[in-house]
Amino acid sequence: MSLFRSWMFVPGNSERRLAKVDDLTADVIIFDLEDAVPLSEKQNARQLVCQTIRNSRAACSFVRVNDLASGFFADDIADLAGVLLAGIVLPKANSRQDILTADQALAEAESKSGRQLGDIEIVPLIESALGLYQAFEIAASSPRVKRLAFGSVDFTLDIQAQLTHEGTEILYARSHLVVVSRAAGIEPPIDAVFVQMKDREGLLRDTKLAKQLGFQGKMVIHPDQIGIVNDVFTPTQEEIEEAKRIVSAFDEALLEGSAAIQLDGKMIDYPVAERAKRIVRQAEFLQRNN
């Protein structure tokens with residue numbers, strides 16, 4: 001398993017922002033070649049991003065490429081395959097065929113650049129009614145797809161809803177992506193950005209809701225948002241210690257022929273024990289990677 005809590009967008013055409021990526025504490029850097037970059041700067045942004053990835057110490061680099069219909073996608077993939085990126089974020093992912101097309105383009109680029117086949121991950125960005133409707137097929141379309149991501153701004157625009165602080169209008173979409181991800185056997189999804197950059201309380205509330213719904217991380221657009229997101233998605237020391245005690249007690253009970261016990265006044269059975277094991281695995285992953 002993996003636990004990438006914060007996914008920080010960095011505009012691909014901003015030399016000032018690109019120069020500071022090694023100072024960011026986000027688990028993942030998403031170099032953005034799509035929405036943040038004007039059409040006239042696409043080629044220059046691609047070159048800047050490739051150069052930055054080559055020189056960066058960032059542990060995990062993804063690139064949001066331009067969408068398949070943009071006319072820029074093929075050049076994005078051809079250039080990016082030669083640098084050490086972990087994956088691409090594919091915007092406007094609407095169908096299984098979109099993923100297969102991206103998969104084939106990546107396979108050809110990997111072959112030409114000498115990279116291992118299947119090395120580059122695809123994170124489909126679900127940001128339309130059609131994408132949400134086809135989400136299971138998208139999630140199950142390729143081994144490259146290890147997780148989905150949600151784009152709430154474009155999604156609410158597509159369904160003609162109003163994006164609010166409360167997020168009632170995207171509750172169904174969020175929950176659907178969590179269920180679809182589980183059904184497809186991939187990692188839990190990554191939540192959408194919280195667009196009010198100065199509203200720390202709103203970000204905290206929104207991130208806690210995402211975690212409660214079953215998301216495993218959140219995209220961010222400002223360095224000040226990283227700490228809050230990381231904190232919410234990091235198991236506390238108390239949670240880790242409790243989880244270890246549950247795992248230990250339950251394993252001991254199984255050896256004695258019991259699959260339901262009480263610990264600190266709480267019933268412990270297989271689902272509770274599995275959740276505890278997940279917390280322990282998350283803590284171990286963070287310890288290894290931090």
# chains A, B, ... in the order shown; residues from 1 in each chain; ligands from 1
>>> residues_around(residues="stretch 75-91 of chain A", least_positions_apart="2", cutoff="7 Å", atoms="only C-alpha atoms", output="JSON, numbers by chain")
{"A": [46, 50, 53, 54, 60, 61, 62, 63, 64, 65, 66, 67, 72, 73, 93, 106, 109, 110, 113, 120, 121, 122, 123, 124, 125]}
>>> write_last_selection(atoms="N, CA and C atoms", output="mmCIF file, in the first residue's frame")
data_model
loop_
_atom_site.group_PDB
_atom_site.id
_atom_site.type_symbol
_atom_site.label_atom_id
_atom_site.label_comp_id
_atom_site.auth_asym_id
_atom_site.auth_seq_id
_atom_site.Cartn_x
_atom_site.Cartn_y
_atom_site.Cartn_z
ATOM 1 N N ARG A 46 6.508 22.792 -20.892
ATOM 2 C CA ARG A 46 6.932 21.392 -20.954
ATOM 3 C C ARG A 46 8.445 21.275 -20.761
ATOM 4 N N CYS A 50 10.338 19.470 -17.529
ATOM 5 C CA CYS A 50 11.312 18.386 -17.726
ATOM 6 C C CYS A 50 12.642 18.731 -17.062
ATOM 7 N N ILE A 53 12.233 18.508 -13.170
ATOM 8 C CA ILE A 53 12.198 17.129 -12.671
ATOM 9 C C ILE A 53 13.596 16.524 -12.679
ATOM 10 N N ARG A 54 14.373 16.814 -13.718
ATOM 11 C CA ARG A 54 15.742 16.273 -13.787
ATOM 12 C C ARG A 54 16.601 16.779 -12.630
ATOM 13 N N CYS A 60 8.530 12.394 -5.215
ATOM 14 C CA CYS A 60 7.486 11.832 -6.074
ATOM 15 C C CYS A 60 6.921 12.920 -6.981
ATOM 16 N N SER A 61 7.187 12.817 -8.260
ATOM 17 C CA SER A 61 6.758 13.826 -9.223
ATOM 18 C C SER A 61 5.738 13.252 -10.198
ATOM 19 N N PHE A 62 4.604 13.931 -10.298
ATOM 20 C CA PHE A 62 3.606 13.638 -11.317
ATOM 21 C C PHE A 62 3.465 14.880 -12.202
ATOM 22 N N VAL A 63 2.902 14.705 -13.376
ATOM 23 C CA VAL A 63 2.631 15.828 -14.266
ATOM 24 C C VAL A 63 1.185 15.745 -14.724
ATOM 25 N N ARG A 64 0.451 16.858 -14.544
ATOM 26 C CA ARG A 64 -0.874 16.904 -15.170
ATOM 27 C C ARG A 64 -0.659 17.325 -16.615
ATOM 28 N N VAL A 65 -0.818 16.367 -17.505
ATOM 29 C CA VAL A 65 -0.624 16.618 -18.923
ATOM 30 C C VAL A 65 -1.867 17.283 -19.496
ATOM 31 N N ASN A 66 -1.778 17.709 -20.735
ATOM 32 C CA ASN A 66 -2.949 18.229 -21.424
ATOM 33 C C ASN A 66 -3.847 17.066 -21.844
ATOM 34 N N ASP A 67 -5.136 17.341 -21.975
ATOM 35 C CA ASP A 67 -6.073 16.251 -22.251
ATOM 36 C C ASP A 67 -5.884 15.698 -23.660
ATOM 37 N N PHE A 72 -1.933 18.752 -27.539
ATOM 38 C CA PHE A 72 -0.638 18.840 -26.858
ATOM 39 C C PHE A 72 -0.245 17.534 -26.171
ATOM 40 N N PHE A 73 -1.191 16.614 -26.052
ATOM 41 C CA PHE A 73 -0.958 15.407 -25.263
ATOM 42 C C PHE A 73 0.221 14.588 -25.778
ATOM 43 N N ALA A 93 -10.755 12.646 -17.902
ATOM 44 C CA ALA A 93 -10.844 11.203 -18.137
ATOM 45 C C ALA A 93 -12.315 10.804 -18.126
ATOM 46 N N LEU A 106 1.962 5.969 -23.560
ATOM 47 C CA LEU A 106 3.023 5.817 -22.565
ATOM 48 C C LEU A 106 3.905 4.617 -22.881
ATOM 49 N N ALA A 109 6.269 5.546 -25.621
ATOM 50 C CA ALA A 109 7.288 6.480 -25.134
ATOM 51 C C ALA A 109 8.281 5.786 -24.211
ATOM 52 N N GLU A 110 7.787 4.874 -23.367
ATOM 53 C CA GLU A 110 8.680 4.112 -22.486
ATOM 54 C C GLU A 110 9.656 3.270 -23.297
ATOM 55 N N SER A 113 12.363 5.468 -24.800
ATOM 56 C CA SER A 113 13.269 6.085 -23.821
ATOM 57 C C SER A 113 14.017 5.064 -22.973
ATOM 58 N N ILE A 120 5.179 4.084 -15.715
ATOM 59 C CA ILE A 120 4.552 5.385 -15.459
ATOM 60 C C ILE A 120 3.073 5.198 -15.115
ATOM 61 N N GLU A 121 2.689 5.670 -13.956
ATOM 62 C CA GLU A 121 1.311 5.540 -13.472
ATOM 63 C C GLU A 121 0.394 6.544 -14.164
ATOM 64 N N ILE A 122 -0.877 6.192 -14.267
ATOM 65 C CA ILE A 122 -1.908 7.117 -14.740
ATOM 66 C C ILE A 122 -2.887 7.373 -13.603
ATOM 67 N N VAL A 123 -3.083 8.644 -13.255
ATOM 68 C CA VAL A 123 -4.125 9.031 -12.298
ATOM 69 C C VAL A 123 -5.235 9.718 -13.092
ATOM 70 N N PRO A 124 -6.334 9.028 -13.382
ATOM 71 C CA PRO A 124 -7.435 9.656 -14.107
ATOM 72 C C PRO A 124 -8.110 10.715 -13.237
ATOM 73 N N LEU A 125 -8.278 11.897 -13.800
ATOM 74 C CA LEU A 125 -8.953 12.981 -13.091
ATOM 75 C C LEU A 125 -10.415 12.979 -13.526
#
>>> residues_around(residues="A:Asp32", least_positions_apart="3", cutoff="8 Å", atoms="only C-alpha atoms", output="list in words")
Phe9, Val10, Pro11, Gly12, Asp35, Ala36, Val37, Val63, Arg64 and Val65 of chain A
>>> write_last_selection(atoms="N, CA and C atoms", output="CSV table (one decimal), in the first residue's frame")
chain,number,residue,atom,x,y,z
A,9,PHE,N,-0.2,21.2,-6.7
A,9,PHE,CA,0.0,21.7,-8.0
A,9,PHE,C,1.0,22.8,-8.1
A,10,VAL,N,1.9,22.7,-9.1
A,10,VAL,CA,2.8,23.8,-9.4
A,10,VAL,C,2.7,24.1,-10.9
A,11,PRO,N,2.4,25.4,-11.2
A,11,PRO,CA,2.3,25.8,-12.6
A,11,PRO,C,3.6,25.5,-13.4
A,12,GLY,N,3.4,24.9,-14.5
A,12,GLY,CA,4.6,24.5,-15.3
A,12,GLY,C,5.3,25.6,-16.0
A,35,ASP,N,-4.4,23.4,-17.0
A,35,ASP,CA,-5.2,24.6,-16.8
A,35,ASP,C,-4.3,25.8,-16.4
A,36,ALA,N,-3.2,25.6,-15.8
A,36,ALA,CA,-2.4,26.7,-15.3
A,36,ALA,C,-1.5,27.4,-16.4
A,37,VAL,N,-1.5,26.8,-17.6
A,37,VAL,CA,-0.6,27.2,-18.6
A,37,VAL,C,-1.4,27.7,-19.8
A,63,VAL,N,2.9,14.7,-13.4
A,63,VAL,CA,2.6,15.8,-14.3
A,63,VAL,C,1.2,15.7,-14.7
A,64,ARG,N,0.5,16.9,-14.5
A,64,ARG,CA,-0.9,16.9,-15.2
A,64,ARG,C,-0.7,17.3,-16.6
A,65,VAL,N,-0.8,16.4,-17.5
A,65,VAL,CA,-0.6,16.6,-18.9
A,65,VAL,C,-1.9,17.3,-19.5
>>> closest_residue(among="A:Ser142, A:Gln97, A:Ser248, A:Thr234", to="A:Glu284", atoms="only C-alpha atoms")
A:Thr234
>>> residues_around(residues="A:Ala243", least_positions_apart="4", cutoff="10 Å", atoms="only C-alpha atoms", output="CSV table (one decimal) with C-alpha atoms, in the first residue's frame")
chain,number,residue,atom,x,y,z
A,235,PRO,CA,-2.6,8.6,11.9
A,237,GLN,CA,0.4,8.5,17.7
A,238,GLU,CA,-2.6,7.5,19.9
A,239,GLU,CA,-4.3,5.9,16.9
A,247,VAL,CA,-3.8,-6.2,16.1
A,248,SER,CA,-1.8,-7.9,18.8
A,249,ALA,CA,-4.8,-8.8,20.9
A,272,VAL,CA,-12.1,-3.7,13.3
A,273,ALA,CA,-8.8,-5.7,13.2
A,274,GLU,CA,-8.4,-5.0,9.5
A,275,ARG,CA,-8.9,-1.3,10.0
A,276,ALA,CA,-6.3,-1.4,12.7
A,277,LYS,CA,-3.9,-3.2,10.4
A,278,ARG,CA,-4.4,-0.6,7.8
A,279,ILE,CA,-3.5,2.2,10.2
A,280,VAL,CA,-0.3,0.3,11.2
>>> select_by_dssp(residues="stretch 125-230 of chain A", states="strand (DSSP E or B)", output="ChimeraX atom specification")
/A:125-126,145,149-150,190-191,217-220
>>> closest_residue(among="A:Ile186, A:Ala173, A:Glu166, A:Ile226", to="A:Arg205", atoms="only C-alpha atoms")
A:Glu166
>>> residues_around(residues="stretch 154-160 of chain A", least_positions_apart="4", cutoff="7 Å", atoms="only C-alpha atoms", output="PyMOL selection string")
chain A and resi 127-129
>>> write_last_selection(atoms="C-alpha atoms", output="PDB file, in the first residue's frame")
ATOM      1  CA  GLU A 127     -14.291  15.926 -13.575  1.00  0.00           C
ATOM      2  CA  SER A 128     -17.479  15.366 -15.575  1.00  0.00           C
ATOM      3  CA  ALA A 129     -20.794  13.552 -15.319  1.00  0.00           C
TER       4      ALA A 129
END
>>> atom_distance(atom1="atom CA of A:Phe285", atom2="atom CA of A:Arg5")
11.5 Å
>>> residues_around(residues="stretch 161-165 of chain A", least_positions_apart="5", cutoff="9 Å", atoms="only C-alpha atoms", output="ChimeraX atom specification")
/A:152-153,155-156,170,194,196,202,206
>>> write_last_selection(atoms="N, CA and C atoms", output="mmCIF file, in the first residue's frame")
data_model
loop_
_atom_site.group_PDB
_atom_site.id
_atom_site.type_symbol
_atom_site.label_atom_id
_atom_site.label_comp_id
_atom_site.auth_asym_id
_atom_site.auth_seq_id
_atom_site.Cartn_x
_atom_site.Cartn_y
_atom_site.Cartn_z
ATOM 1 N N SER A 152 -13.451 18.801 -8.615
ATOM 2 C CA SER A 152 -14.779 19.303 -8.259
ATOM 3 C C SER A 152 -15.180 20.554 -9.029
ATOM 4 N N VAL A 153 -14.217 21.408 -9.383
ATOM 5 C CA VAL A 153 -14.561 22.666 -10.055
ATOM 6 C C VAL A 153 -15.158 22.384 -11.432
ATOM 7 N N PHE A 155 -16.245 19.529 -12.459
ATOM 8 C CA PHE A 155 -17.395 18.636 -12.312
ATOM 9 C C PHE A 155 -18.671 19.427 -12.049
ATOM 10 N N THR A 156 -18.618 20.358 -11.112
ATOM 11 C CA THR A 156 -19.821 21.144 -10.808
ATOM 12 C C THR A 156 -20.202 22.035 -11.983
ATOM 13 N N ILE A 170 -21.419 17.904 -4.095
ATOM 14 C CA ILE A 170 -20.439 16.921 -4.593
ATOM 15 C C ILE A 170 -20.340 15.690 -3.687
ATOM 16 N N PHE A 194 -9.338 22.448 -2.409
ATOM 17 C CA PHE A 194 -10.209 23.390 -1.707
ATOM 18 C C PHE A 194 -9.787 24.769 -2.187
ATOM 19 N N GLN A 196 -10.644 27.923 -1.645
ATOM 20 C CA GLN A 196 -10.504 29.116 -0.803
ATOM 21 C C GLN A 196 -9.171 29.046 -0.055
ATOM 22 N N GLY A 202 -12.024 26.223 6.865
ATOM 23 C CA GLY A 202 -12.790 25.551 5.824
ATOM 24 C C GLY A 202 -12.025 24.387 5.226
ATOM 25 N N ASP A 206 -13.166 20.518 5.352
ATOM 26 C CA ASP A 206 -13.335 19.808 4.088
ATOM 27 C C ASP A 206 -12.428 18.580 4.000
#
>>> closest_residue(among="A:Lys208, A:Lys218, A:Lys146, A:Arg245", to="A:Ile30", atoms="only C-alpha atoms")
A:Lys218
>>> residues_around(residues="A:Trp7", least_positions_apart="6", cutoff="6 Å", atoms="only C-alpha atoms", output="ChimeraX atom specification")
/A:28-29,219-220
>>> closest_residue(among="A:Glu242, A:Asp27, A:Asp251, A:Glu137", to="A:Leu100", atoms="only C-alpha atoms")
A:Glu137
>>> select_by_dssp(residues="stretch 39-252 of chain A", states="alpha helix (DSSP H)", output="PyMOL selection string")
chain A and resi 42-55+73-80+96-113+129-133+135-139+152-158+171-184+200-213+223-232+237-252
>>> atom_distance(atom1="atom CA of A:Thr207", atom2="atom CA of A:Ile268")
27.7 Å
>>> residues_around(residues="A:Gln134", least_positions_apart="4", cutoff="9 Å", atoms="only C-alpha atoms", output="MDAnalysis selection string")
chainID A and resid 94:96 129:130 138:139
>>> atom_distance(atom1="atom CA of A:Tyr172", atom2="atom CA of A:Met8")
24.6 Å
>>> decode(residues="stretch 116-128 of chain A", atoms="N, CA and C atoms", output="short mmCIF file (atom, residue, chain, number, x, y, z; two decimals), in the first residue's frame")
data_model
loop_
_atom_site.label_atom_id
_atom_site.label_comp_id
_atom_site.auth_asym_id
_atom_site.auth_seq_id
_atom_site.Cartn_x
_atom_site.Cartn_y
_atom_site.Cartn_z
N GLN A 116 11.14 0.90 -18.23
CA GLN A 116 10.41 -0.36 -18.10
C GLN A 116 8.95 -0.17 -18.49
N LEU A 117 8.40 -1.12 -19.21
CA LEU A 117 7.02 -1.04 -19.66
C LEU A 117 6.08 -1.01 -18.46
N GLY A 118 5.18 -0.04 -18.44
CA GLY A 118 4.22 0.08 -17.35
C GLY A 118 4.72 0.86 -16.16
N ASP A 119 5.89 1.46 -16.29
CA ASP A 119 6.54 2.15 -15.17
C ASP A 119 5.80 3.42 -14.75
N ILE A 120 5.18 4.08 -15.72
CA ILE A 120 4.55 5.38 -15.46
C ILE A 120 3.07 5.20 -15.11
N GLU A 121 2.69 5.67 -13.96
CA GLU A 121 1.31 5.54 -13.47
C GLU A 121 0.39 6.54 -14.16
N ILE A 122 -0.88 6.19 -14.27
CA ILE A 122 -1.91 7.12 -14.74
C ILE A 122 -2.89 7.37 -13.60
N VAL A 123 -3.08 8.64 -13.26
CA VAL A 123 -4.12 9.03 -12.30
C VAL A 123 -5.24 9.72 -13.09
N PRO A 124 -6.33 9.03 -13.38
CA PRO A 124 -7.44 9.66 -14.11
C PRO A 124 -8.11 10.71 -13.24
N LEU A 125 -8.28 11.90 -13.80
CA LEU A 125 -8.95 12.98 -13.09
C LEU A 125 -10.41 12.98 -13.53
N ILE A 126 -11.29 12.63 -12.60
CA ILE A 126 -12.73 12.54 -12.88
C ILE A 126 -13.34 13.91 -12.63
N GLU A 127 -13.80 14.55 -13.71
CA GLU A 127 -14.29 15.93 -13.58
C GLU A 127 -15.48 16.21 -14.49
N SER A 128 -16.26 15.18 -14.78
CA SER A 128 -17.48 15.37 -15.57
C SER A 128 -18.50 14.31 -15.19
#
